[in-house]
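Just below is one structure, and these are the notes that go with it.
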Number of protein chains: 2
Amino acid sequence: MFINAIAHYLPKEEVHNDYFLRNGLTDEWIFQRTGIKTRKKASPSENSHTMGLEAVQLALRELPYPVEEVDLIIGATYSPFDTVGTVAHYVQQNLQIPNAAVVTVSSACSSFVNAVEVVEGYFASGKASKALVVASEHNTAYSNDDDEVAGHLWGDGASAVFISKEAESQDESQILEVFSRGHGHIGRGPEGVYLRPNNGGIGMPFGRDVFTHAIHYMTESTKEVLKKRDLLPSQLRYIIPHQANARIIKNVLKQLEMQPEQAWVNITDCGNTGCASTAIGLSQAYNKIRKNEYAVLTVFGGGYSSGAILIQR
Amino acid sequence: MFINAIAHYLPKEEVHNDYFLRNGLTDEWIFQRTGIKTRKKASPSENSHTMGLEAVQLALRELPYPVEEVDLIIGATYSPFDTVGTVAHYVQQNLQIPNAAVVTVSSACSSFVNAVEVVEGYFASGKASKALVVASEHNTAYSNDDDEVAGHLWGDGASAVFISKEAESQDESQILEVFSRGHGHIGRGPEGVYLRPNNGGIGMPFGRDVFTHAIHYMTESTKEVLKKRDLLPSQLRYIIPHQANARIIKNVLKQLEMQPEQAWVNITDCGNTGCASTAIGLSQAYNKIRKNEYAVLTVFGGGYSSGAILIQR
């Protein structure tokens, strides 16, 4: 599979740590504990659909074929504006893509990795050959600013990636491996983090459990995809980890014996953008990765789920 | 692909048409317009997760292999209890399935068909060989009893299907064809029906547009899967259509020149159970289909999406 075009969208409004003094949390305390300084917030007229579309429209500029040739649209989100007319359907409507299978998936912060794995499956079954994956999260639609435990963690944003089965142009990255695994049966499983749309929104009652499992499984998922290509962590240009907490990222680097400069970090400016975080990170880092260099996206999601994607530029 | 086991779960509480006299709608009027007499409603302790698990536990009784061998769990719902710890993760937790990819999908009332298509993809890519699909809808968590246009349409329920790549026992049905297509670009697309979790719940502002497109695309999807096996509608034991409105079903039968007794109808007792409707229908009809007979599931979902599955018993 090849990446034909990628872009991301972040809302303009910033919410700095100082805002959460309302909960007795200082800028210094939040930054030390999470690595976050500020995060983006969707405007009242934005939602996970509109942000996803913004990212797609930016990616379109680089697309080496007419968008009408897309035959698969996969949305990825756990913070949906609409679960019936999903973000994938909204994109199909706005781009007038006539012949595509269209579905939106969630495995929480792993959703983007699962979306790419679903693309791999449609390609393997011969039912699609050009896919558009849209990862979009509107966390602030469901989070609670007064939540002292987790209210300060969340940011909004989206990313869009066009993926083809065969190479479509010279300057493309190849997706070499995709791996995912559900861990609902591990630790606090589906209760560690939740988004219950009509029963409390986003909450994180078992943050410590999420923290330790995230480190373990993001490390293991990275090893899993590297092993398949006989690669070592030291050979990666970048690891682009899910951005839930800078201390998780630091621990994953330590486990993999990687250097700090190998990690792509956007949590400082974006907060936790859910399943969009690694997809935004890949978009941000994309032109810094040189021809033939490798990058890994590695994720852990509430639920739980984990996964990784190995890319060669 | 082979169906190893199937079961469904319907909540005990019934809500008869008489309840909607509150909106000035008589039993006779509702039945004439929709074909609905009564529908099931989840109890306060139930939700899309618990109903999905109930269906799975019933299907387990017939499963010809240990459930631990399942390596893929796909949830299907547009009325989620939790979008982070999804219904698929909840099932993984309760059944302690250790090695499975786990993700939940939505394409509205087409979600079950898309879920089976995602299974087909994971099987084709060699990443799974034994899948569990759980379709569960808790419409009444998001619908509005006072909605005069659509409040009387919705019911709750779930269905679970175990599917393997290779045959696992003698008494299995084969899934011969799966087809899906997004129609976000057609008619009222994502606005025809919606479920906006924090912006109005379920609504159907363009029911007429949904109605006409449902008839057209459920008919076309049926033809699509039959064509691939050189079959005619008259050769089907059952067509199991999405149960949104008995008049839609009647029109689809007319278009396909099929007999009324060929249609499996559960809307009379269940209302519109969303993406679970055809999966519940297949479970109900399953033992009435004789060896080698064919059945088609055909769906249309808000968004829009359509699809069909051809099965040989």
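To be explicit about the labels: the chains of the structure tokens are called A, B, and onward in the order shown, and within each one the residues are counted from 1, while ligands get numbers from 1 in the order they are shown.
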Residues within 7 Å of Gly281 of chain A, please, as a list of chain:residue names. Count only C-alpha atoms; anything in the same chain fewer than 6 positions from it doesn't count. A:Ile240, A:Trp264, A:Asn266
Would you tabulate, counting only C-alpha atoms, all residues of segment 284-308 of chain B that have an atom at most 12 Å from an atom of segment 97-108 of chain A, showing the closest pair of atoms and their distance in Å to one decimal, sorted by chain then ascending number, as JSON lines?
{"residue": "B:Gly301", "atom": "CA", "partner": "A:Val103", "partner_atom": "CA", "distance": 11.1}
{"residue": "B:Gly302", "atom": "CA", "partner": "A:Val103", "partner_atom": "CA", "distance": 11.7}
{"residue": "B:Gly303", "atom": "CA", "partner": "A:Val102", "partner_atom": "CA", "distance": 9.3}
{"residue": "B:Tyr304", "atom": "CA", "partner": "A:Val102", "partner_atom": "CA", "distance": 9.0}
{"residue": "B:Ser305", "atom": "CA", "partner": "A:Val102", "partner_atom": "CA", "distance": 7.2}
{"residue": "B:Ser306", "atom": "CA", "partner": "A:Ala101", "partner_atom": "CA", "distance": 9.0}
{"residue": "B:Gly307", "atom": "CA", "partner": "A:Ala101", "partner_atom": "CA", "distance": 9.3}
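A straight line drawn from atom CA of Asn144 of chain B to atom CA of Phe300 of chain B is 22.1 Å long.
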As JSON, numbers by chain, please: every residue in segment 45-188 of chain A that a backbone DSSP assignment puts in alpha helix (DSSP H). {"A": [48, 49, 50, 51, 52, 53, 54, 55, 56, 57, 58, 59, 60, 87, 88, 89, 90, 91, 92, 93, 94, 95, 111, 112, 113, 114, 115, 116, 117, 118, 119, 120, 121, 122, 123, 124]}
B:Thr34, B:Thr26, B:Ser136, B:Gln170 ranked by distance to Tyr78 of chain B, top pick (using only C-alpha atoms): B:Ser136
For Glu14 of chain B, list every protein, DNA or RNA residue within 7 Å, evaluated using only C-alpha atoms, and leave out those in the same chain fewer than 3 positions away; present the list as a list in words.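 Near Glu14 of chain B, the qualifying residues are Thr38, Arg39, Lys40 and Lys41 of chain B.
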Mind dumping the selected residues with N, CA, C and O atoms as an mmCIF file, in the first residue's frame?
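Saved file again23.cif follows:
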data_model
loop_
_atom_site.group_PDB
_atom_site.id
_atom_site.type_symbol
_atom_site.label_atom_id
_atom_site.label_comp_id
_atom_site.auth_asym_id
_atom_site.auth_seq_id
_atom_site.Cartn_x
_atom_site.Cartn_y
_atom_site.Cartn_z
ATOM 1 N N THR B 38 -45.851 -3.166 17.457
ATOM 2 C CA THR B 38 -45.193 -2.999 18.752
ATOM 3 C C THR B 38 -43.691 -3.042 18.530
ATOM 4 O O THR B 38 -43.230 -3.376 17.430
ATOM 5 N N ARG B 39 -42.927 -2.616 19.527
ATOM 6 C CA ARG B 39 -41.458 -2.647 19.426
ATOM 7 C C ARG B 39 -40.900 -2.931 20.810
ATOM 8 O O ARG B 39 -41.593 -2.763 21.814
ATOM 9 N N LYS B 40 -39.635 -3.387 20.852
ATOM 10 C CA LYS B 40 -38.997 -3.748 22.124
ATOM 11 C C LYS B 40 -38.187 -2.561 22.622
ATOM 12 O O LYS B 40 -37.595 -1.822 21.824
ATOM 13 N N LYS B 41 -38.133 -2.432 23.952
ATOM 14 C CA LYS B 41 -37.380 -1.339 24.545
ATOM 15 C C LYS B 41 -36.447 -1.880 25.623
ATOM 16 O O LYS B 41 -36.871 -2.614 26.526
#
